Every structure is written in structure tokens, then in C-alpha cells.
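Read the structure below first, then the notes.
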Amino acid sequence: MDLGLAGRTFVTTGSSRGLGRAVTDELVAEGANVVIASRDADRAREVATDLGDQAHGVRVDLRDPAAGVELAEEARNRFGALDGALVNHWGPPSGAALEVTDEAVAAALDLGVAAVVRLVRDIGTRLQEGGAMLVVGSVTVREPADALVGSTVSRPGAWAYIKQASRPLGERGVRVNMLLPGAFATERLRELSGGVAGDSAFVRDVPLGRAGRPEEFGRVGAFLLSPMSSYVTGASLVIDGGSSRSL
Ligand SMILES: NC(=O)c1ccc[n+]([C@@H]2O[C@H](COP(=O)([O-])OP(=O)(O)OC[C@H]3O[C@@H](n4cnc5c(N)ncnc54)[C@H](OP(=O)(O)O)[C@@H]3O)[C@@H](O)[C@H]2O)c1
């Protein structure tokens, strides 16, 4: 299926590896241009070189209040347009509810809520009619995870903002959605599982019997950023091999 992404330009944050990289790879494979953001300038350049002429890498820390505006300008300067963005970032600190520190809560809210709000606002208001944004969250929007207190306290806040922002953005013809991953075989999952992503507590209860592959996430992400999902906005989609039990 042709997703209609050829020639469109997207900013993709948290795209140097894992799920963000998987969506970025799929956008490029569909013919889109991408501005890749990483905290490490060399890494951003390496990924862009790997992807070819359709990609441009920049160093950005999403905690910087100017990040969204700078990324939008970078896309316009480099490719002459901006059609959308993937907003992805590092996973909040793990830990149990009664051991969580003030610093861990502050860090989770700083990147997981404040940075997401800024990026959706600052990039979303710079998009033309037909623009699309996608934010990567977690199934913790639907169900608290015992070992992931940072994610449990921050993801629902980001989702609430996206839902609220989807109305005024929708009136401008701009869409915004959230993808809620369960267990995917990335560095993050390996870190959380003590190095054994394939057989950790995170995948034991998955009806499909395994962790997701990043490319399975990438394909759904590219669809939600494409004109093929033109009537989908203000929506959150769980992508977890069937593991969550909430209705
Ligand atoms: N994998 C899973 O099973 C799973 C499940 C549920 C939710 N999630 C969530 O999905 C997201 C992606 O997961 P992942 O497994 O792909 O994670 P990952 O492998 O750890 O990748 C995270 C990405 O975020 C970037 N990043 C981190 N902090 C940043 C900052 N301050 N500014 C800019 N970029 C930043 C990293 O880039 P640089 O280091 O190059 O800056 C990297 O590209 C995370 O939020 C994670 O919590 C993942």
C-alpha cells in the first residue's frame, strides 16, 4: 500500500535508535524526508548518513525550551517544508511506587509531560492543513506498571494534553495521535529486563508470545503519520501483542 508519504518532511525526535528509529526508517522507505534529533551530534549525523539524502541529523535535547521551534526551522531550511513530527524520547526512570524519589518524579514529568506539551504545541502550530503528529507513549496510559512508576505518573498526563490539543489542532486540519507500546525488543527493554529482553517479566504474559519487533511499531507509526489515516485524530492506539487487559 502506498502511504502517500513521498516528498513529505517530518521531524523525528528520539530517532537515533529503538522505536523512534523504526518509525524514521519506515518514513524514509516510503519516500519522506526526515530531520533526526539526538542529544549526540555525531550519532545524529551517523544515522542521517546511514539513511541517505532524505535524512538530516541535528543535536537537540528535548528539555531545551527552544527544541520544537528549532526543529521546525531546521526542517524548513533543509527541505523547504514541514508536514509533521514524531515525538519520541527516553523512557522515564523505572522503580516501584513506594521507593520513587522526588528527582525521579521531576525527571519523568520534565521530559514525559512538559517536553511533550511544548513539542506538540510548538510544532503543531507550525503545521499547515494536512499535517500530522504522533507521540510515543506507553500502555501505562491505560494500566499502571508495578516496576515503571516514572512512566505510570507521566504518560497519562501527556495523553490528556494530546487529547485536549487535538481539538484546536483539528480545527486547523492538523492531526495528533498517540501510540502506546507494550514490550518491544529495544535497548530500553533489555536495560529494564537486566539484559534478557526475550524472556523477561515484560513478555511472559503477552498473548502473541513474544516482544514486538521495532519494525512492527515503525509500520503502524508511519501509517498514523500518513494521509492514509486522514480521519484519525485525538486517538491512542495500544500496540502490545494483546497484553493489556483494560477495555
Ligand atoms: N521498548 C519498549 O518495550 C517500550 C515499551 C513501552 C514504552 N516505551 C517507550 O517508547 C519510547 C521509545 O522506546 P525505546 O525502547 O525505543 O527507547 P530507547 O531505545 O531508549 O531510545 C530512546 C530514544 O530517545 C532519545 N532521547 C532520550 N532522551 C532524550 C532527550 N532528552 N532529548 C532528545 N532525545 C532523547 C534517545 O536518543 P539519544 O540518546 O541519541 O539522544 C533515543 O533515540 C520510550 O519513551 C519508552 O519508554 C518503550
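In the C-alpha cells, chains take the letters A, B, ... in the order shown, each chain's residues start at 1, and ligands count up from 1 in the order shown.
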Could you list, as number ranges by chain, all residues that come within 8 Å of ligand 1? Count only C-alpha atoms and all ligand atoms. A: 13-21, 37-40, 43-44, 60-63, 88-92, 111-112, 136-140, 151, 180-189, 211-212, 214
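The protein and nucleic acid residues lying at most 8 Å from Gly150 in chain A are Pro92, Pro93, Ser94, Gly95, Ala104, Val105, Ala108, Val153 and Ser154 of chain A, with only C-alpha atoms considered and sequence neighbours fewer than 3 positions away removed.
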Selection above as a file: all heavy atoms, as a short mmCIF file (atom, residue, chain, number, x, y, z; two decimals), in the first residue's frame:
data_model
loop_
_atom_site.label_atom_id
_atom_site.label_comp_id
_atom_site.auth_asym_id
_atom_site.auth_seq_id
_atom_site.Cartn_x
_atom_site.Cartn_y
_atom_site.Cartn_z
N PRO A 92 11.04 7.16 31.04
CA PRO A 92 11.22 7.72 32.38
C PRO A 92 11.84 6.69 33.34
O PRO A 92 11.76 5.49 33.09
CB PRO A 92 9.79 8.05 32.82
CG PRO A 92 8.97 8.02 31.60
CD PRO A 92 9.64 7.10 30.63
N PRO A 93 12.44 7.17 34.46
CA PRO A 93 13.10 6.25 35.39
C PRO A 93 12.15 5.14 35.86
O PRO A 93 10.97 5.38 36.12
CB PRO A 93 13.48 7.15 36.56
CG PRO A 93 13.49 8.53 36.02
CD PRO A 93 12.49 8.57 34.91
N SER A 94 12.71 3.92 35.98
CA SER A 94 11.90 2.80 36.47
C SER A 94 11.94 2.79 38.00
O SER A 94 12.68 3.55 38.62
CB SER A 94 12.41 1.48 35.91
OG SER A 94 13.77 1.33 36.24
N GLY A 95 11.14 1.92 38.62
CA GLY A 95 11.12 1.83 40.08
C GLY A 95 9.71 1.56 40.58
O GLY A 95 8.75 1.67 39.82
N ALA A 104 13.27 11.46 40.58
CA ALA A 104 12.75 10.60 39.50
C ALA A 104 11.40 11.11 39.01
O ALA A 104 11.13 11.12 37.80
CB ALA A 104 12.63 9.16 39.99
N VAL A 105 10.55 11.57 39.93
CA VAL A 105 9.24 12.11 39.52
C VAL A 105 9.44 13.37 38.69
O VAL A 105 8.83 13.54 37.62
CB VAL A 105 8.35 12.42 40.75
CG1 VAL A 105 7.08 13.15 40.33
CG2 VAL A 105 8.00 11.14 41.48
N ALA A 108 10.70 12.50 35.23
CA ALA A 108 9.65 11.88 34.42
C ALA A 108 8.68 12.95 33.89
O ALA A 108 8.27 12.91 32.72
CB ALA A 108 8.89 10.84 35.23
N VAL A 153 3.28 7.68 36.17
CA VAL A 153 2.83 9.01 36.60
C VAL A 153 2.88 10.04 35.47
O VAL A 153 2.18 11.05 35.53
CB VAL A 153 3.62 9.57 37.82
CG1 VAL A 153 3.46 8.67 39.03
CG2 VAL A 153 5.09 9.81 37.50
N SER A 154 3.69 9.79 34.44
CA SER A 154 3.84 10.84 33.42
C SER A 154 3.03 10.60 32.13
O SER A 154 2.49 11.55 31.56
CB SER A 154 5.32 11.01 33.05
OG SER A 154 5.86 9.82 32.52
#
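Computed from the coordinates, the CA of Val87 in chain A to CA of Ser246 in chain A distance equals 24.8 Å.
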Just the number, please: distance in Å from CA of Arg190 in chain A to CA of Asp102 in chain A, one decimal.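 Interatomic distance, CA of Arg190 in chain A to CA of Asp102 in chain A: 25.3 Å.
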Using DSSP on the backbone coordinates, identify the residues of range 44-240 of chain A assigned to strand (DSSP E or B); present them as a PyMOL selection string. chain A and resi 55-59+84-87+95+132-136+148+175-181+184+212+236-239
Please produce a file of those selected residues containing N, CA, C and O atoms, as a compact mmCIF listing (two decimals), in the first residue's frame.
# COMPACT_ATOMS: atom_id res chain seq x y z
N ALA A 55 17.67 12.28 4.70
CA ALA A 55 17.77 12.49 6.16
C ALA A 55 18.80 13.55 6.51
O ALA A 55 19.83 13.67 5.86
N HIS A 56 18.50 14.29 7.57
CA HIS A 56 19.42 15.31 8.08
C HIS A 56 19.42 15.19 9.61
O HIS A 56 18.35 15.13 10.23
N GLY A 57 20.60 15.11 10.21
CA GLY A 57 20.70 14.89 11.66
C GLY A 57 21.07 16.16 12.40
O GLY A 57 21.95 16.90 11.96
N VAL A 58 20.39 16.42 13.53
CA VAL A 58 20.75 17.59 14.36
C VAL A 58 20.83 17.20 15.84
O VAL A 58 20.14 16.28 16.28
N ARG A 59 21.67 17.95 16.58
CA ARG A 59 21.78 17.71 18.02
C ARG A 59 20.72 18.54 18.73
O ARG A 59 20.69 19.78 18.59
N GLY A 84 4.98 17.26 9.42
CA GLY A 84 4.59 16.55 10.63
C GLY A 84 5.76 16.18 11.50
O GLY A 84 6.91 16.52 11.19
N ALA A 85 5.47 15.49 12.59
CA ALA A 85 6.53 15.12 13.54
C ALA A 85 6.20 13.86 14.30
O ALA A 85 5.03 13.58 14.62
N LEU A 86 7.25 13.10 14.57
CA LEU A 86 7.18 12.01 15.53
C LEU A 86 7.83 12.52 16.81
O LEU A 86 8.99 12.95 16.79
N VAL A 87 7.09 12.51 17.91
CA VAL A 87 7.64 12.96 19.19
C VAL A 87 7.91 11.74 20.05
O VAL A 87 6.98 11.07 20.52
N GLY A 95 11.14 1.92 38.62
CA GLY A 95 11.12 1.83 40.08
C GLY A 95 9.71 1.56 40.58
O GLY A 95 8.75 1.67 39.82
N ALA A 132 0.50 16.16 10.38
CA ALA A 132 0.19 15.08 11.33
C ALA A 132 1.31 14.92 12.34
O ALA A 132 2.49 15.01 12.00
N MET A 133 0.92 14.68 13.60
CA MET A 133 1.89 14.43 14.66
C MET A 133 1.55 13.10 15.33
O MET A 133 0.39 12.73 15.45
N LEU A 134 2.61 12.44 15.79
CA LEU A 134 2.43 11.19 16.52
C LEU A 134 3.36 11.21 17.72
O LEU A 134 4.56 11.49 17.58
N VAL A 135 2.81 10.93 18.90
CA VAL A 135 3.60 10.90 20.13
C VAL A 135 3.71 9.45 20.60
O VAL A 135 2.72 8.71 20.60
N VAL A 136 4.93 9.06 20.99
CA VAL A 136 5.12 7.71 21.52
C VAL A 136 4.92 7.75 23.04
O VAL A 136 5.59 8.51 23.74
N LEU A 148 7.36 0.43 36.82
CA LEU A 148 7.62 1.61 35.98
C LEU A 148 6.88 2.84 36.51
O LEU A 148 6.01 3.39 35.83
N ARG A 175 -3.62 16.78 12.54
CA ARG A 175 -3.96 15.63 13.38
C ARG A 175 -2.87 15.35 14.40
O ARG A 175 -1.70 15.61 14.14
N VAL A 176 -3.27 14.80 15.56
CA VAL A 176 -2.27 14.35 16.54
C VAL A 176 -2.81 13.11 17.25
O VAL A 176 -3.96 13.06 17.68
N ASN A 177 -1.97 12.08 17.30
CA ASN A 177 -2.35 10.80 17.92
C ASN A 177 -1.23 10.30 18.81
O ASN A 177 -0.12 10.82 18.78
N MET A 178 -1.54 9.26 19.59
CA MET A 178 -0.52 8.68 20.48
C MET A 178 -0.50 7.16 20.28
O MET A 178 -1.55 6.52 20.22
N LEU A 179 0.71 6.60 20.20
CA LEU A 179 0.88 5.15 20.13
C LEU A 179 1.35 4.65 21.50
O LEU A 179 2.27 5.24 22.09
N LEU A 180 0.73 3.59 21.98
CA LEU A 180 1.02 3.10 23.33
C LEU A 180 1.66 1.71 23.24
O LEU A 180 0.97 0.68 23.23
N PRO A 181 3.02 1.67 23.19
CA PRO A 181 3.66 0.36 23.05
C PRO A 181 3.66 -0.45 24.34
O PRO A 181 3.74 0.11 25.44
N PHE A 184 8.63 -4.09 23.47
CA PHE A 184 9.31 -4.18 22.17
C PHE A 184 10.79 -4.43 22.40
O PHE A 184 11.38 -3.88 23.34
N GLY A 212 7.44 -7.31 20.76
CA GLY A 212 7.24 -6.77 19.41
C GLY A 212 8.58 -6.48 18.76
O GLY A 212 9.59 -6.28 19.43
N SER A 236 -5.65 7.21 20.74
CA SER A 236 -4.48 6.49 21.25
C SER A 236 -4.66 5.03 20.88
O SER A 236 -5.75 4.47 21.01
N LEU A 237 -3.58 4.43 20.39
CA LEU A 237 -3.64 3.04 19.93
C LEU A 237 -2.63 2.19 20.69
O LEU A 237 -1.43 2.49 20.69
N VAL A 238 -3.15 1.15 21.36
CA VAL A 238 -2.28 0.21 22.07
C VAL A 238 -1.67 -0.73 21.04
O VAL A 238 -2.36 -1.23 20.16
N ILE A 239 -0.35 -0.98 21.16
CA ILE A 239 0.32 -1.92 20.25
C ILE A 239 1.22 -2.79 21.13
O ILE A 239 2.36 -2.43 21.45
Judged by only C-alpha atoms, the minimum distance to Val206 in chain A among A:Ser193, A:Leu224, A:Arg172, A:Ser244 is found for A:Ser244
